[in-house]
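In what follows, a structure is listed as C-alpha cells, so that the remarks can point back to it.
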Amino acid sequence: SGAMPNLSIHSPIFEISTIAFLVVLFGCLQAAVRQKEVEAWDLRIGNWVISQATPGKDRLFALLSNLGKYHWVRNLAVLICVWLVYERDWLRATMLVVLVGAATLISTFLQRLISRVRPNFERNFLYGVEFSFPSGHTMLATAFYLMIAYLGGVYGHGSVAGWVIIAFSIGLVILIGVSRIYLGVHFLTDVLGGWIAGFLLFFIVYCIADDLPLLLNVIQR
C-alpha cells in the first residue's frame, strides 16, 4: 500500500491527450443525441436486443442491473474503504470515495442538462423516471468496477486471483451496460455515454492520484 503502481505512461501529454479525446468523443455523442441523429438506430437496436428475451435472460440481466445500482455500489464501496483504511491505503480509499460520489452527482447533472426522454421500446421490463442520457447506472458501474479492477491489479501482484478480479470487473462494466438496454430503460447511446463518462472520470482521478506524490515532493522543496 505504498506509492502508486507503475501502471500508466508517466507523460502529461499522454494523459491530457487521452482526457481531451474522451471529452470530445462524449461531446460528439451528446450532440448527436440532442439533434436526434441516432434516434432511429437506437430504437432499432434496442428493440432487437429486447426481442432476444427469455425468462432466464430476464433474471440474469435484472441481477446484473442491480449490481450497478447506487445502493449496492455504495454499500460495497464502504466495505472496500474499510479494508483500504485497515491497510492504511489512504490514497486509494480517497479515490474510491471520490469516484462513487462524483459519478453519482455528475451523471444526475448531465441527465438533467441534456434532458433526453427515456426510451419507449416495443417491450419494457422497467420504466425509468429520470432522464436518459447518459446512463447513470452504466457511468457509476464503469467508474466503480474499473476501480475494483485497478485494486485487483495492485493487490493481486500479477496473481491468478488478481487477473480474475480484473476480468470479472471489466466484464461487469460491459454486462451492466447491456442490461440497461435489455431492460428497456436506456438506448445504446445512453450506455455508450455512460461508458465513456465513467472511464473518463476514473482516468482523471487515477491520473491525479498517480501524479500526487510527485506534486507533493515538488511543493515540499
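Starting from 1 in every chain, residues are counted up; chains themselves are A, B, ... following the order of the C-alpha cells, and ligands are numbered from 1 as listed.
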
Could you give me, as an mmCIF file with N, CA, C and O atoms, in the first residue's frame, the residues within 10 Å of Gly162 of chain A, counting only C-alpha atoms and dropping anything in the same chain fewer than 6 positions from it?
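Done, and the output landed in result21.cif:
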data_model
loop_
_atom_site.group_PDB
_atom_site.id
_atom_site.type_symbol
_atom_site.label_atom_id
_atom_site.label_comp_id
_atom_site.auth_asym_id
_atom_site.auth_seq_id
_atom_site.Cartn_x
_atom_site.Cartn_y
_atom_site.Cartn_z
ATOM 1 N N ALA A 149 -11.099 -3.246 -10.569
ATOM 2 C CA ALA A 149 -10.108 -3.900 -11.432
ATOM 3 C C ALA A 149 -8.709 -3.376 -11.123
ATOM 4 O O ALA A 149 -7.741 -4.142 -11.058
ATOM 5 N N TYR A 150 -8.616 -2.072 -10.921
ATOM 6 C CA TYR A 150 -7.330 -1.453 -10.585
ATOM 7 C C TYR A 150 -6.786 -1.991 -9.262
ATOM 8 O O TYR A 150 -5.604 -2.350 -9.150
ATOM 9 N N LEU A 151 -7.656 -2.099 -8.264
ATOM 10 C CA LEU A 151 -7.236 -2.650 -6.975
ATOM 11 C C LEU A 151 -6.822 -4.116 -7.111
ATOM 12 O O LEU A 151 -5.891 -4.573 -6.432
ATOM 13 N N GLY A 152 -7.523 -4.840 -7.999
ATOM 14 C CA GLY A 152 -7.130 -6.219 -8.248
ATOM 15 C C GLY A 152 -5.729 -6.314 -8.818
ATOM 16 O O GLY A 152 -4.954 -7.205 -8.464
ATOM 17 N N GLY A 153 -5.383 -5.370 -9.693
ATOM 18 C CA GLY A 153 -4.038 -5.336 -10.256
ATOM 19 C C GLY A 153 -2.995 -4.944 -9.237
ATOM 20 O O GLY A 153 -1.890 -5.491 -9.218
ATOM 21 N N VAL A 154 -3.356 -4.007 -8.351
ATOM 22 C CA VAL A 154 -2.409 -3.521 -7.343
ATOM 23 C C VAL A 154 -2.134 -4.596 -6.295
ATOM 24 O O VAL A 154 -0.982 -4.917 -5.996
ATOM 25 N N TYR A 155 -3.196 -5.135 -5.722
ATOM 26 C CA TYR A 155 -3.041 -6.070 -4.616
ATOM 27 C C TYR A 155 -2.880 -7.522 -5.080
ATOM 28 O O TYR A 155 -2.450 -8.366 -4.291
ATOM 29 N N GLY A 156 -3.241 -7.793 -6.339
ATOM 30 C CA GLY A 156 -3.075 -9.146 -6.857
ATOM 31 C C GLY A 156 -1.654 -9.452 -7.255
ATOM 32 O O GLY A 156 -1.261 -10.623 -7.355
ATOM 33 N N PHE A 168 -13.266 -10.082 -14.237
ATOM 34 C CA PHE A 168 -14.639 -10.081 -13.729
ATOM 35 C C PHE A 168 -15.187 -8.658 -13.660
ATOM 36 O O PHE A 168 -16.335 -8.403 -14.045
#

Sorted by chain and rising residue number, which residues of segment 109-221 of chain A lie within 6 Å of segment 54-69 of chain A, and what are their closest atom pairs and distances in Å to one decimal, counting only C-alpha atoms, as JSON lines?
{"residue": "A:His137", "atom": "CA", "partner": "A:Gly68", "partner_atom": "CA", "distance": 5.2}
{"residue": "A:Ala141", "atom": "CA", "partner": "A:Gly68", "partner_atom": "CA", "distance": 5.0}
{"residue": "A:Ile176", "atom": "CA", "partner": "A:Ser65", "partner_atom": "CA", "distance": 5.3}
{"residue": "A:Ser179", "atom": "CA", "partner": "A:Phe61", "partner_atom": "CA", "distance": 5.0}

Could you write out the selected residues, including N, CA, C and O atoms, as a CSV table (one decimal), in the first residue's frame?
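Wrote it out as out-v5.csv, contents follow:
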chain,number,residue,atom,x,y,z
A,137,HIS,N,-26.6,4.3,-14.2
A,137,HIS,CA,-26.1,3.0,-13.8
A,137,HIS,C,-24.8,2.7,-14.4
A,137,HIS,O,-23.9,2.2,-13.8
A,141,ALA,N,-21.3,2.3,-12.6
A,141,ALA,CA,-20.7,0.9,-12.6
A,141,ALA,C,-19.3,1.0,-13.3
A,141,ALA,O,-18.4,0.3,-12.8
A,176,ILE,N,-23.4,-4.8,-17.3
A,176,ILE,CA,-24.3,-3.9,-16.7
A,176,ILE,C,-24.9,-2.9,-17.7
A,176,ILE,O,-26.1,-2.6,-17.7
A,179,SER,N,-27.3,-4.7,-19.9
A,179,SER,CA,-28.6,-4.9,-19.1
A,179,SER,C,-29.5,-3.8,-19.1
A,179,SER,O,-30.8,-4.0,-19.2

Tyr182 of chain A: which residues within 9 Å, counting only C-alpha atoms, same-chain residues fewer than 6 positions away excluded, as a list of chain:residue names?
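These residues fall inside the cut-off: A:Gly46, A:Asn47, A:Val49, A:Ile50, A:Ser51, A:Gln52, A:Ala53, A:Lys57, A:Asp58, A:Phe61, A:Asn124, A:Phe125.
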
When you look at Cys28 of chain A with a cut-off of 12 Å (counting only C-alpha atoms), what residues show up, excluding the ones that are within fewer than 6 positions of it in the same chain? I need them as an MDAnalysis selection string.
chainID A and resid 21:22 34:35 37:38 189 192:193 196

Since we have the selection now, will you write its residues out, keeping N, CA, C and O atoms, as an mmCIF file, in the first residue's frame?
data_model
loop_
_atom_site.group_PDB
_atom_site.id
_atom_site.type_symbol
_atom_site.label_atom_id
_atom_site.label_comp_id
_atom_site.auth_asym_id
_atom_site.auth_seq_id
_atom_site.Cartn_x
_atom_site.Cartn_y
_atom_site.Cartn_z
ATOM 1 N N PHE A 21 -9.401 13.588 -25.773
ATOM 2 C CA PHE A 21 -10.068 12.708 -26.738
ATOM 3 C C PHE A 21 -11.408 12.214 -26.192
ATOM 4 O O PHE A 21 -12.423 12.229 -26.898
ATOM 5 N N LEU A 22 -11.427 11.799 -24.935
ATOM 6 C CA LEU A 22 -12.662 11.289 -24.337
ATOM 7 C C LEU A 22 -13.707 12.387 -24.179
ATOM 8 O O LEU A 22 -14.905 12.152 -24.379
ATOM 9 N N ARG A 34 -28.730 14.965 -28.871
ATOM 10 C CA ARG A 34 -29.587 16.151 -28.780
ATOM 11 C C ARG A 34 -30.267 16.462 -30.115
ATOM 12 O O ARG A 34 -31.419 16.890 -30.156
ATOM 13 N N GLN A 35 -29.533 16.259 -31.209
ATOM 14 C CA GLN A 35 -30.079 16.553 -32.538
ATOM 15 C C GLN A 35 -30.881 15.382 -33.100
ATOM 16 O O GLN A 35 -31.333 15.431 -34.236
ATOM 17 N N GLU A 37 -29.989 12.553 -34.167
ATOM 18 C CA GLU A 37 -29.421 11.918 -35.355
ATOM 19 C C GLU A 37 -29.336 10.402 -35.212
ATOM 20 O O GLU A 37 -29.210 9.688 -36.213
ATOM 21 N N VAL A 38 -29.375 9.914 -33.974
ATOM 22 C CA VAL A 38 -29.196 8.479 -33.731
ATOM 23 C C VAL A 38 -30.484 7.821 -33.233
ATOM 24 O O VAL A 38 -30.469 6.639 -32.874
ATOM 25 N N THR A 189 -26.969 4.518 -27.116
ATOM 26 C CA THR A 189 -26.122 5.707 -26.976
ATOM 27 C C THR A 189 -26.074 6.211 -25.534
ATOM 28 O O THR A 189 -25.081 6.815 -25.116
ATOM 29 N N LEU A 192 -23.399 3.970 -24.141
ATOM 30 C CA LEU A 192 -22.088 4.402 -24.643
ATOM 31 C C LEU A 192 -21.627 5.659 -23.911
ATOM 32 O O LEU A 192 -20.457 5.784 -23.531
ATOM 33 N N GLY A 193 -22.544 6.597 -23.704
ATOM 34 C CA GLY A 193 -22.219 7.810 -22.961
ATOM 35 C C GLY A 193 -21.799 7.501 -21.536
ATOM 36 O O GLY A 193 -20.865 8.107 -21.006
ATOM 37 N N ILE A 196 -18.224 5.974 -21.613
ATOM 38 C CA ILE A 196 -17.199 6.999 -21.871
ATOM 39 C C ILE A 196 -17.011 7.894 -20.647
ATOM 40 O O ILE A 196 -15.887 8.137 -20.200
#

Residue nearest Val205 of chain A - candidates A:His186, A:Arg92, A:Arg74, A:His157, atoms counted: only C-alpha atoms
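That would be A:Arg92, the residue with the smallest distance to Val205 of chain A.
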
Which residue gives the smallest distance to Phe133 of chain A among A:Val173, A:Leu91, A:Gln30, A:Ile16, with only C-alpha atoms counted?
A:Gln30

Write out as a count of residues only each polymer residue whose atoms come within 10 Å of Pro12 of chain A, counting only C-alpha atoms; drop sequence neighbours fewer than 4 positions from it.
5

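With only C-alpha atoms taken into account, the protein and nucleic acid residues at most 8 Å from Ser115 of chain A (excluding it and anything under 2 positions from it in its own chain) are A:Gln111, A:Arg112, A:Leu113, A:Val117, A:Phe131, A:Ser132, A:Phe133.
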
Atom-to-atom span, atom CA of Leu140 of chain A and atom CA of Ile114 of chain A, Å:
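Atom-to-atom, atom CA of Leu140 of chain A and atom CA of Ile114 of chain A are spaced 17.7 Å apart.
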
One-decimal distance in Å that lies between atom CA of Ala167 of chain A and atom CA of Ser135 of chain A:
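Result for atom CA of Ser135 of chain A versus atom CA of Ala167 of chain A: 22.2 Å, one decimal.
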
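The neighbours of Tyr70 of chain A here are the residues that come within 12 Å of it, using only C-alpha atoms and leaving out any residue fewer than 5 positions away in the same chain; they are Ser65, Asn75, Leu76, Ala77, Val78, Val100, Gly101, Ala102, Ala103, Thr104, Leu105, Ser107, Thr108, Gly136, His137, Thr138, Met139, Leu140, Ala141, Ala143 and Phe144 of chain A.
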
Would you mind reading off the distance between atom CA of Trp41 of chain A and atom CA of Leu172 of chain A, one decimal, in Å?
24.7 Å

Residues of chain A classed as helix (DSSP H, G or I) by DSSP on the backbone are to be reported as an MDAnalysis selection string.
chainID A and resid 12:34 39:51 55:66 70:86 90:114 136:156 160:182 188:220
